[in-house]
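Raw data16.cif, mmCIF, C-alpha atoms and all ligand atoms:
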data_data
#
loop_
_atom_site.label_atom_id
_atom_site.label_comp_id
_atom_site.auth_asym_id
_atom_site.auth_seq_id
_atom_site.Cartn_x
_atom_site.Cartn_y
_atom_site.Cartn_z
CA ALA A 1 32.61 13.19 -8.52
CA LEU A 2 29.15 13.67 -7.07
CA VAL A 3 29.15 12.71 -3.38
CA SER A 4 26.65 12.91 -0.54
CA LEU A 5 26.70 15.56 2.18
CA ARG A 6 27.40 12.82 4.74
CA GLN A 7 30.63 11.87 2.96
CA LEU A 8 31.86 15.45 2.81
CA LEU A 9 30.94 16.38 6.36
CA ASP A 10 32.31 13.17 7.90
CA HIS A 11 35.67 14.11 6.41
CA ALA A 12 35.33 17.70 7.63
CA ALA A 13 34.60 16.43 11.15
CA GLU A 14 37.58 14.06 11.12
CA GLN A 15 39.88 16.84 9.98
CA GLY A 16 38.27 19.64 11.98
CA TYR A 17 37.28 22.05 9.23
CA GLY A 18 33.99 23.55 8.01
CA LEU A 19 32.64 23.71 4.48
CA PRO A 20 30.94 26.75 2.99
CA ALA A 21 27.74 25.84 1.13
CA PHE A 22 27.12 28.45 -1.55
CA ASN A 23 23.75 28.96 -3.22
CA VAL A 24 23.66 28.62 -6.99
CA ASN A 25 21.12 29.86 -9.51
CA ASN A 26 23.15 30.45 -12.65
CA MET A 27 26.33 29.56 -14.52
CA GLU A 28 28.41 32.45 -13.19
CA GLN A 29 27.87 31.40 -9.58
CA VAL A 30 28.78 27.80 -10.41
CA HIS A 31 31.91 28.98 -12.26
CA ALA A 32 32.96 31.24 -9.38
CA ILE A 33 32.65 28.54 -6.74
CA MET A 34 34.35 25.85 -8.83
CA GLN A 35 37.24 28.14 -9.79
CA ALA A 36 37.84 28.96 -6.12
CA ALA A 37 37.56 25.31 -5.06
CA ASP A 38 39.97 24.29 -7.81
CA ALA A 39 42.50 26.97 -6.84
CA THR A 40 42.41 25.91 -3.18
CA ASN A 41 41.77 22.18 -3.73
CA SER A 42 38.65 22.26 -1.57
CA PRO A 43 35.60 19.97 -1.48
CA VAL A 44 32.42 21.63 -2.79
CA ILE A 45 28.80 21.99 -1.70
CA LEU A 46 26.59 23.59 -4.37
CA GLN A 47 23.10 24.24 -3.05
CA GLY A 48 19.97 25.13 -4.95
CA SER A 49 16.81 26.46 -3.33
CA ALA A 50 13.28 26.03 -4.62
CA GLY A 51 13.68 29.61 -5.87
CA ALA A 52 16.79 28.58 -7.82
CA ARG A 53 14.90 25.72 -9.40
CA SER A 54 12.09 27.96 -10.53
CA TYR A 55 14.53 30.65 -11.72
CA ALA A 56 16.78 28.36 -13.78
CA GLY A 57 14.38 25.49 -14.40
CA GLU A 58 14.89 22.00 -13.02
CA VAL A 59 16.86 20.69 -16.00
CA PHE A 60 19.13 23.73 -16.24
CA LEU A 61 19.96 23.62 -12.54
CA ARG A 62 20.74 19.91 -12.68
CA LYS A 63 22.83 20.26 -15.85
CA LEU A 64 24.80 23.20 -14.43
CA ILE A 65 25.84 21.09 -11.47
CA GLU A 66 26.54 18.10 -13.73
CA ALA A 67 28.76 20.39 -15.80
CA ALA A 68 30.69 21.36 -12.68
CA VAL A 69 31.24 17.71 -11.74
CA GLU A 70 32.35 16.83 -15.27
CA THR A 71 34.68 19.82 -15.61
CA TYR A 72 36.39 19.22 -12.25
CA PRO A 73 36.58 15.41 -11.93
CA HIS A 74 39.19 15.68 -9.17
CA LEU A 75 36.90 17.62 -6.80
CA PRO A 76 34.16 15.99 -4.70
CA VAL A 77 30.90 17.90 -5.21
CA CYS A 78 27.69 17.63 -3.20
CA MET A 79 24.49 18.73 -4.93
CA HIS A 80 22.32 19.88 -2.04
CA GLN A 81 18.76 21.12 -2.04
CA ASP A 82 18.45 24.10 0.28
CA HIS A 83 15.33 24.70 2.42
CA GLY A 84 12.84 22.11 1.20
CA ALA A 85 9.48 23.33 2.49
CA SER A 86 7.78 19.93 2.21
CA PRO A 87 8.59 16.25 1.67
CA ALA A 88 7.29 16.64 -1.91
CA VAL A 89 9.97 19.25 -2.70
CA CYS A 90 12.63 16.92 -1.31
CA PHE A 91 11.36 13.93 -3.27
CA ARG A 92 11.44 15.94 -6.49
CA SER A 93 15.07 16.88 -5.82
CA ILE A 94 16.01 13.28 -5.14
CA GLN A 95 14.38 12.37 -8.45
CA SER A 96 16.35 15.17 -10.08
CA GLY A 97 19.64 13.64 -8.89
CA PHE A 98 20.52 15.70 -5.81
CA SER A 99 22.86 13.89 -3.41
CA SER A 100 21.52 15.72 -0.36
CA VAL A 101 18.31 17.48 0.64
CA MET A 102 17.27 19.79 3.41
CA MET A 103 13.83 19.25 4.90
CA ASP A 104 13.16 22.53 6.68
CA GLY A 105 10.28 21.58 8.92
CA SER A 106 10.95 24.41 11.36
CA LEU A 107 8.36 26.37 9.37
CA LEU A 108 5.10 25.22 7.81
CA GLU A 109 4.88 24.81 4.01
CA ASP A 110 4.23 28.53 3.61
CA GLY A 111 7.84 29.09 4.72
CA LYS A 112 6.88 31.69 7.32
CA THR A 113 4.80 30.16 10.10
CA PRO A 114 6.80 28.46 12.88
CA SER A 115 5.68 24.82 13.08
CA SER A 116 5.14 22.50 16.03
CA TYR A 117 7.94 20.20 17.13
CA ASP A 118 5.76 17.21 16.28
CA TYR A 119 5.12 18.41 12.71
CA ASN A 120 8.83 19.07 12.16
CA MET A 121 9.79 15.64 13.49
CA LYS A 122 7.21 13.82 11.34
CA VAL A 123 7.97 15.47 7.99
CA THR A 124 11.72 15.19 8.56
CA ARG A 125 11.52 11.51 9.46
CA GLN A 126 9.46 10.87 6.36
CA VAL A 127 12.16 12.44 4.17
CA VAL A 128 14.98 10.58 5.94
CA GLU A 129 13.31 7.21 5.35
CA LEU A 130 13.10 7.71 1.61
CA ALA A 131 16.33 9.67 1.12
CA HIS A 132 18.48 7.15 2.96
CA ALA A 133 17.03 4.35 0.85
CA CYS A 134 18.41 6.28 -2.14
CA GLY A 135 21.83 7.08 -0.60
CA VAL A 136 20.87 10.73 -0.23
CA SER A 137 21.76 12.71 2.91
CA VAL A 138 19.28 14.81 4.86
CA GLU A 139 19.67 18.10 6.71
CA GLY A 140 16.94 19.11 9.17
CA GLU A 141 16.39 22.37 11.04
CA LEU A 142 15.40 22.92 14.64
CA GLY A 143 14.72 26.36 16.07
CA CYS A 144 13.79 29.54 14.23
CA LEU A 145 16.51 31.54 12.56
CA GLY A 146 16.55 35.14 13.63
CA SER A 147 18.85 37.85 14.88
CA LEU A 148 19.38 37.88 18.66
CA GLU A 149 19.80 41.65 18.32
CA THR A 150 16.49 42.38 16.57
CA GLY A 151 14.43 39.21 17.07
CA GLU A 152 13.61 39.35 13.35
CA ALA A 153 14.06 36.59 10.78
CA GLY A 154 15.77 39.11 8.49
CA GLU A 155 14.44 38.42 5.04
CA GLU A 156 11.34 40.23 3.89
CA ASP A 157 10.95 38.48 0.56
CA GLY A 158 12.33 35.02 1.25
CA HIS A 159 11.49 32.37 3.78
CA GLY A 160 11.80 33.10 7.45
CA ALA A 161 9.38 33.49 10.30
CA VAL A 162 7.15 36.55 10.19
CA GLY A 163 7.06 38.85 13.21
CA THR A 164 9.32 39.11 16.20
CA LEU A 165 10.56 35.85 17.69
CA SER A 166 11.12 35.19 21.38
CA GLN A 167 14.66 34.50 22.61
CA ASP A 168 13.45 30.97 23.31
CA GLN A 169 12.50 30.35 19.68
CA LEU A 170 15.78 31.92 18.53
CA LEU A 171 17.99 29.34 20.20
CA THR A 172 17.97 25.61 19.51
CA ASP A 173 17.56 23.62 22.71
CA PRO A 174 20.28 20.93 23.14
CA ASP A 175 17.93 18.35 24.74
CA GLU A 176 15.35 18.86 22.03
CA ALA A 177 18.11 18.53 19.41
CA ALA A 178 19.13 15.16 20.86
CA ASP A 179 15.53 13.95 20.82
CA PHE A 180 14.97 15.26 17.28
CA VAL A 181 18.03 13.48 15.95
CA ALA A 182 17.11 10.21 17.69
CA LYS A 183 13.60 10.33 16.19
CA THR A 184 14.48 11.46 12.66
CA GLY A 185 17.95 10.08 11.84
CA VAL A 186 19.12 13.26 10.08
CA ASP A 187 22.73 13.50 8.93
CA ALA A 188 23.02 17.23 9.55
CA LEU A 189 21.10 19.72 11.66
CA ALA A 190 20.69 23.43 11.09
CA ILE A 191 20.60 25.21 14.43
CA ALA A 192 19.47 28.62 15.59
CA ILE A 193 22.30 30.37 17.45
CA GLY A 194 21.87 33.98 16.38
CA THR A 195 22.17 34.07 12.60
CA SER A 196 19.41 35.21 10.25
CA HIS A 197 18.97 35.14 6.47
CA GLY A 198 19.58 38.01 4.09
CA ALA A 199 21.64 41.20 4.21
CA TYR A 200 19.91 42.86 7.18
CA LYS A 201 21.24 40.90 10.13
CA PHE A 202 22.64 43.49 12.52
CA THR A 203 22.06 47.24 12.69
CA GLN A 204 25.25 47.89 14.69
CA GLN A 205 28.76 46.90 13.76
CA PRO A 206 29.46 43.78 15.84
CA THR A 207 32.00 44.46 18.59
CA GLY A 208 31.68 41.40 20.82
CA ASN A 209 30.19 38.02 19.92
CA VAL A 210 26.98 38.06 17.87
CA LEU A 211 26.60 34.28 17.94
CA ARG A 212 26.03 31.96 20.88
CA ILE A 213 29.18 29.89 20.50
CA ASP A 214 28.50 28.34 23.92
CA ARG A 215 25.21 26.98 22.60
CA ILE A 216 26.92 25.49 19.53
CA ALA A 217 29.36 23.69 21.87
CA GLU A 218 26.52 22.37 24.06
CA ILE A 219 24.56 21.04 21.09
CA HIS A 220 27.69 19.49 19.59
CA GLN A 221 28.36 17.65 22.86
CA ARG A 222 24.85 16.19 22.88
CA ILE A 223 24.84 15.07 19.22
CA PRO A 224 28.51 14.62 18.22
CA ASN A 225 27.67 12.40 15.23
CA VAL A 226 25.30 14.83 13.58
CA HIS A 227 26.90 17.62 11.60
CA LEU A 228 25.88 21.11 12.67
CA VAL A 229 24.87 23.63 10.03
CA MET A 230 24.89 27.39 10.30
CA HIS A 231 22.49 29.17 7.94
CA GLY A 232 22.51 32.92 7.44
CA SER A 233 26.30 33.02 7.54
CA SER A 234 27.03 35.87 5.17
CA SER A 235 29.45 38.46 6.47
CA VAL A 236 27.94 41.33 4.42
CA PRO A 237 31.25 42.76 3.14
CA GLN A 238 31.36 46.49 3.88
CA GLU A 239 33.55 47.13 0.80
CA TRP A 240 30.90 45.69 -1.51
CA LEU A 241 28.13 47.55 0.29
CA ALA A 242 30.05 50.79 -0.38
CA ILE A 243 30.70 49.91 -4.04
CA ILE A 244 27.02 49.13 -4.62
CA ASN A 245 25.96 52.45 -3.11
CA GLN A 246 28.72 54.43 -4.89
CA HIS A 247 27.44 53.21 -8.24
CA GLY A 248 23.73 53.92 -8.06
CA GLY A 249 22.65 51.30 -5.53
CA ASP A 250 20.60 52.02 -2.45
CA MET A 251 21.24 49.44 0.24
CA GLY A 252 20.80 50.41 3.87
CA GLN A 253 23.67 50.29 6.34
CA THR A 254 23.87 46.77 7.74
CA TYR A 255 26.31 44.23 9.18
CA GLY A 256 26.74 40.48 8.88
CA VAL A 257 28.44 37.70 10.80
CA PRO A 258 32.19 38.31 11.23
CA VAL A 259 34.25 35.56 9.56
CA GLU A 260 36.24 35.08 12.80
CA GLU A 261 33.04 34.20 14.61
CA ILE A 262 32.19 31.56 12.01
CA VAL A 263 35.69 30.17 12.50
CA GLN A 264 34.97 29.95 16.25
CA GLY A 265 31.74 28.13 15.43
CA ILE A 266 33.69 25.63 13.31
CA LYS A 267 36.06 25.03 16.24
CA HIS A 268 33.01 24.11 18.31
CA GLY A 269 31.37 21.73 15.86
CA VAL A 270 29.86 23.60 12.88
CA ARG A 271 30.59 21.73 9.63
CA LYS A 272 28.41 23.41 6.98
CA VAL A 273 28.19 27.17 6.60
CA ASN A 274 25.47 28.55 4.28
CA ILE A 275 26.36 31.63 2.26
CA ASP A 276 24.26 33.35 -0.40
CA THR A 277 23.99 37.09 0.33
CA ASP A 278 27.78 37.74 0.15
CA LEU A 279 27.93 36.44 -3.44
CA ARG A 280 24.81 38.38 -4.39
CA MET A 281 26.40 41.58 -3.10
CA ALA A 282 29.76 40.94 -4.77
CA SER A 283 28.18 40.28 -8.16
CA THR A 284 25.83 43.25 -7.94
CA GLY A 285 28.65 45.55 -6.87
CA ALA A 286 31.02 44.33 -9.58
CA ILE A 287 28.39 44.74 -12.30
CA ARG A 288 27.25 48.18 -11.12
CA ARG A 289 30.84 49.41 -10.97
CA PHE A 290 31.80 48.01 -14.36
CA LEU A 291 28.74 49.40 -16.14
CA SER A 292 29.11 52.85 -14.63
CA GLU A 293 32.81 52.98 -15.49
CA GLU A 294 32.66 51.35 -18.94
CA ARG A 295 29.68 53.18 -20.32
CA GLN A 296 30.29 52.20 -23.93
CA ASN A 297 30.20 48.47 -23.11
CA PHE A 298 27.25 46.36 -24.21
CA ASP A 299 28.81 42.89 -24.11
CA PRO A 300 27.32 41.05 -21.09
CA ARG A 301 30.31 38.70 -20.97
CA LYS A 302 32.46 41.64 -19.88
CA PHE A 303 30.42 42.53 -16.81
CA LEU A 304 29.48 38.95 -15.96
CA LYS A 305 33.16 38.11 -15.92
CA GLN A 306 33.70 40.84 -13.32
CA ALA A 307 30.87 39.37 -11.27
CA THR A 308 32.36 35.87 -11.48
CA GLN A 309 35.76 37.15 -10.34
CA ALA A 310 34.28 39.09 -7.42
CA MET A 311 32.27 36.07 -6.26
CA SER A 312 35.22 33.74 -6.71
CA ASP A 313 37.43 35.95 -4.52
CA ILE A 314 34.91 35.64 -1.68
CA CYS A 315 34.62 31.87 -2.14
CA MET A 316 38.40 31.56 -2.04
CA ALA A 317 38.63 33.62 1.16
CA ARG A 318 35.96 31.45 2.85
CA TYR A 319 37.60 28.16 1.77
CA GLN A 320 40.86 29.42 3.26
CA ALA A 321 39.36 30.81 6.48
CA PHE A 322 37.28 27.67 7.16
CA GLY A 323 40.27 25.33 6.73
CA CYS A 324 39.19 23.61 3.50
CA GLU A 325 42.35 24.18 1.55
CA GLY A 326 43.90 20.93 0.33
CA MET A 327 41.01 18.83 1.69
CA ALA A 328 39.53 17.73 -1.67
O1 LIG B 401 18.23 30.83 2.54
C1 LIG B 401 17.93 31.05 1.39
C2 LIG B 401 18.89 31.29 0.33
O2 LIG B 401 19.50 32.54 0.49
C3 LIG B 401 18.21 31.13 -1.00
O3 LIG B 401 17.38 32.21 -1.28
O4 LIG B 401 15.12 31.24 -1.70
O5 LIG B 401 15.79 33.46 -2.66
O6 LIG B 401 16.78 31.34 -3.55
P1 LIG B 401 16.20 32.05 -2.37
P1 LIG B 402 22.82 34.38 3.92
O1 LIG B 402 21.58 35.13 3.53
O2 LIG B 402 23.41 34.90 5.19
O3 LIG B 402 23.82 34.33 2.83
O4 LIG B 402 22.40 32.86 4.23
C1 LIG B 402 22.14 31.94 3.20
C2 LIG B 402 21.50 30.69 3.67
O5 LIG B 402 21.38 30.40 4.84
C3 LIG B 402 20.99 29.79 2.62
O6 LIG B 402 20.31 28.69 3.16
NA NA B 403 20.54 23.89 3.36
ZN ZN B 404 19.21 29.06 4.94
#

As a first step, turn the structure in this file into structure tokens.
Ligand code: G3H
Ligand code: 13P
Ligand code: NA
Ligand code: ZN
Amino acid sequence: ALVSLRQLLDHAAEQGYGLPAFNVNNMEQVHAIMQAADATNSPVILQGSAGARSYAGEVFLRKLIEAAVETYPHLPVCMHQDHGASPAVCFRSIQSGFSSVMMDGSLLEDGKTPSSYDYNMKVTRQVVELAHACGVSVEGELGCLGSLETGEAGEEDGHGAVGTLSQDQLLTDPDEAADFVAKTGVDALAIAIGTSHGAYKFTQQPTGNVLRIDRIAEIHQRIPNVHLVMHGSSSVPQEWLAIINQHGGDMGQTYGVPVEEIVQGIKHGVRKVNIDTDLRMASTGAIRRFLSEERQNFDPRKFLKQATQAMSDICMARYQAFGCEGMA
């Protein structure tokens, strides 16, 4: 059944687990996530960005998620809009049937200029007022996502602040978070604690902690009833990076967030963990490998099936590591 983010994350908080929120753009991604959720009996968050909506088309994206709900009636599914850049984007998603929206007011509508606190608070409050009247949950964001190692937002082609961010911008302030929540009424809050979007998060293999777990704990203490969200939580699997490059790809050496560190974050209050890059890498690697090994093949179902399996394996591993198994 379609449920709100609030319903899913309240349960996660009660039981002390975290839910991965995977980005979806096409049928194979939806299949992969639902197969893994079904195998582990986990609740599901499917999230679509504005980019997903323009790639698939509004109706296709909505119908893909409806198909998931109808095919797996025993699993609770939240249909979440990822990174709404304006109230208008959020209102369109609510109209489209999403059960949760993210108003990302940490950046201006261009998706790259850090906004003022006042702007963020106002646009987010505006979305909460309307969304809550419709039974739709709202995620806000406070602080600018970026790597504490490089000070960069990470993604060149997506959203993310342009230029190098100060350490101050890179960490959400607990007092400001408490004020933001009191003024906006958000259900969930994305916080900056050292993650960044995309594949290029860290240039060195993480040895110690790459995230500020202490900051997560501090924020959680200040706003225990608001569910904390960690964006940029891909782990950038080294085995898929190698497979991509062994089969004609050309990705640079890079490292992501270790799964164990996400698990520590969950222990300290994180309830929603956003993952996109890991599934992109698994599907690209699986397709590259299949096509280079099966050179006579020209049936797309054959290589797309490999991609679905590779993505599903990652989803399954995250459901298990984050404690979701049996929670549906
Ligand atoms: O944080 C963004 C997600 O990875 C979605 O990326 O805007 O390219 O669809 P996208
Ligand atoms: P990754 O790029 O680390 O997968 O993060 C995805 C994300 O935060 C989507 O909102
Ligand atoms: Na989101
Ligand atoms: Zn994100």

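The shell of residues at most 8 Å from stretch 284-293 of chain A, with only C-alpha atoms counted and near chain neighbours (fewer than 2 positions) removed, consists of Trp240, Leu241, Ile243, Ile244, His247, Gly248, Gly249, Arg280, Met281, Ala282, Arg295, Asn297, Phe303, Leu304, Gln306, Ala307 and Ala310 of chain A.
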
Find the nearest atom pair between each residue of chain A and ligand LIG 402 (chain B) for residues within 7 Å, count only C-alpha atoms and all ligand atoms, give distances in Å to one decimal, sort rows by chain and ascending number, and present the table as CSV.
residue,atom,partner,partner_atom,distance
A:Asn23,CA,B:LIG402,C3,6.5
A:Asp82,CA,B:LIG402,O6,5.7
A:His83,CA,B:LIG402,O6,6.4
A:Ser196,CA,B:LIG402,O2,6.5
A:His197,CA,B:LIG402,O1,3.9
A:Gly198,CA,B:LIG402,O1,3.6
A:Ala199,CA,B:LIG402,O1,6.1
A:His231,CA,B:LIG402,O5,3.5
A:Gly232,CA,B:LIG402,O2,3.1
A:Ser233,CA,B:LIG402,O2,4.2
A:Ser234,CA,B:LIG402,O2,3.7
A:Asn274,CA,B:LIG402,O5,4.5
A:Ile275,CA,B:LIG402,O3,3.8
A:Asp276,CA,B:LIG402,O3,3.4
A:Thr277,CA,B:LIG402,O3,3.7
A:Asp278,CA,B:LIG402,O3,5.9

Subject >> Residue nearest ligand LIG 401 (chain B) - candidates A:Asp250, A:Asp38, A:Glu261, A:Asp104, atoms counted: all atoms listed in the file >> reply: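 Using all atoms listed in the file, ligand LIG 401 (chain B) sits closest to A:Asp104.
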
Judged by only C-alpha atoms, the minimum distance to A:Leu228 among A:Val210, A:Ala190, A:Val3, A:Ile262 is found for A:Ala190

Task: From A:Arg53, A:His80, A:His227, A:His31, residue lying nearest ligand NA 403 (chain B) [only C-alpha atoms and all ligand atoms] - done: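 Going through A:Arg53, A:His80, A:His227, A:His31 one by one, the smallest distance to ligand NA 403 (chain B) is for A:His80.
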
Handout entry: Polymer residues at most 12 Å from (10.4, 19.3, -4.6) by all atoms listed in the file, as a ChimeraX atom specification
Key = /A:48-54,58,81-98,101-103,109,127

| message | Taking 6 positions as the minimum chain separation for residues in the same chain, which residues sit within 8 Å of A:Val273 when counting all atoms listed in the file? Answer as number ranges by chain. | response | A: 18-21, 229-231, 233

Rounded to one decimal in Å, what is the spacing between atom CA of A:Ala182 and atom CA of A:Gly143?
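Taking atom CA of A:Ala182 and atom CA of A:Gly143, their separation equals 16.4 Å.
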
File for stretch 67-107 of chain A (C-alpha atoms), as a PDB file, in the first residue's frame:
ATOM      1  CA  ALA A  67       2.683  -0.812 -10.567  1.00  0.00           C
ATOM      2  CA  ALA A  68       5.086  -1.531  -7.716  1.00  0.00           C
ATOM      3  CA  VAL A  69       2.356  -0.924  -5.123  1.00  0.00           C
ATOM      4  CA  GLU A  70      -0.115  -3.121  -7.006  1.00  0.00           C
ATOM      5  CA  THR A  71       2.367  -5.948  -7.588  1.00  0.00           C
ATOM      6  CA  TYR A  72       3.506  -6.065  -3.944  1.00  0.00           C
ATOM      7  CA  PRO A  73       0.337  -5.340  -1.917  1.00  0.00           C
ATOM      8  CA  HIS A  74       1.960  -6.665   1.266  1.00  0.00           C
ATOM      9  CA  LEU A  75       4.776  -4.081   1.250  1.00  0.00           C
ATOM     10  CA  PRO A  76       4.337  -0.477   2.426  1.00  0.00           C
ATOM     11  CA  VAL A  77       5.704   1.881  -0.248  1.00  0.00           C
ATOM     12  CA  CYS A  78       6.400   5.596   0.039  1.00  0.00           C
ATOM     13  CA  MET A  79       6.467   7.581  -3.196  1.00  0.00           C
ATOM     14  CA  HIS A  80       8.846  10.422  -2.396  1.00  0.00           C
ATOM     15  CA  GLN A  81       9.884  13.377  -4.504  1.00  0.00           C
ATOM     16  CA  ASP A  82      13.606  13.952  -4.151  1.00  0.00           C
ATOM     17  CA  HIS A  83      15.129  17.476  -4.102  1.00  0.00           C
ATOM     18  CA  GLY A  84      12.237  19.755  -4.992  1.00  0.00           C
ATOM     19  CA  ALA A  85      13.879  23.034  -5.994  1.00  0.00           C
ATOM     20  CA  SER A  86      10.752  25.142  -5.451  1.00  0.00           C
ATOM     21  CA  PRO A  87       7.285  24.941  -3.884  1.00  0.00           C
ATOM     22  CA  ALA A  88       5.862  24.648  -7.422  1.00  0.00           C
ATOM     23  CA  VAL A  89       7.797  21.407  -8.031  1.00  0.00           C
ATOM     24  CA  CYS A  90       6.474  20.015  -4.741  1.00  0.00           C
ATOM     25  CA  PHE A  91       2.895  21.003  -5.502  1.00  0.00           C
ATOM     26  CA  ARG A  92       3.081  19.279  -8.881  1.00  0.00           C
ATOM     27  CA  SER A  93       4.278  16.083  -7.188  1.00  0.00           C
ATOM     28  CA  ILE A  94       1.479  16.228  -4.644  1.00  0.00           C
ATOM     29  CA  GLN A  95      -0.954  16.588  -7.541  1.00  0.00           C
ATOM     30  CA  SER A  96       0.728  13.618  -9.202  1.00  0.00           C
ATOM     31  CA  GLY A  97       0.020  11.431  -6.152  1.00  0.00           C
ATOM     32  CA  PHE A  98       3.337  11.417  -4.278  1.00  0.00           C
ATOM     33  CA  SER A  99       2.960  10.608  -0.572  1.00  0.00           C
ATOM     34  CA  SER A 100       6.028  12.629   0.412  1.00  0.00           C
ATOM     35  CA  VAL A 101       7.994  15.556  -0.990  1.00  0.00           C
ATOM     36  CA  MET A 102      11.353  17.101  -0.306  1.00  0.00           C
ATOM     37  CA  MET A 103      11.561  20.879  -0.399  1.00  0.00           C
ATOM     38  CA  ASP A 104      15.275  21.514  -0.757  1.00  0.00           C
ATOM     39  CA  GLY A 105      15.494  25.167   0.158  1.00  0.00           C
ATOM     40  CA  SER A 106      19.167  24.940   1.103  1.00  0.00           C
ATOM     41  CA  LEU A 107      19.872  26.099  -2.451  1.00  0.00           C
TER      42      LEU A 107
END
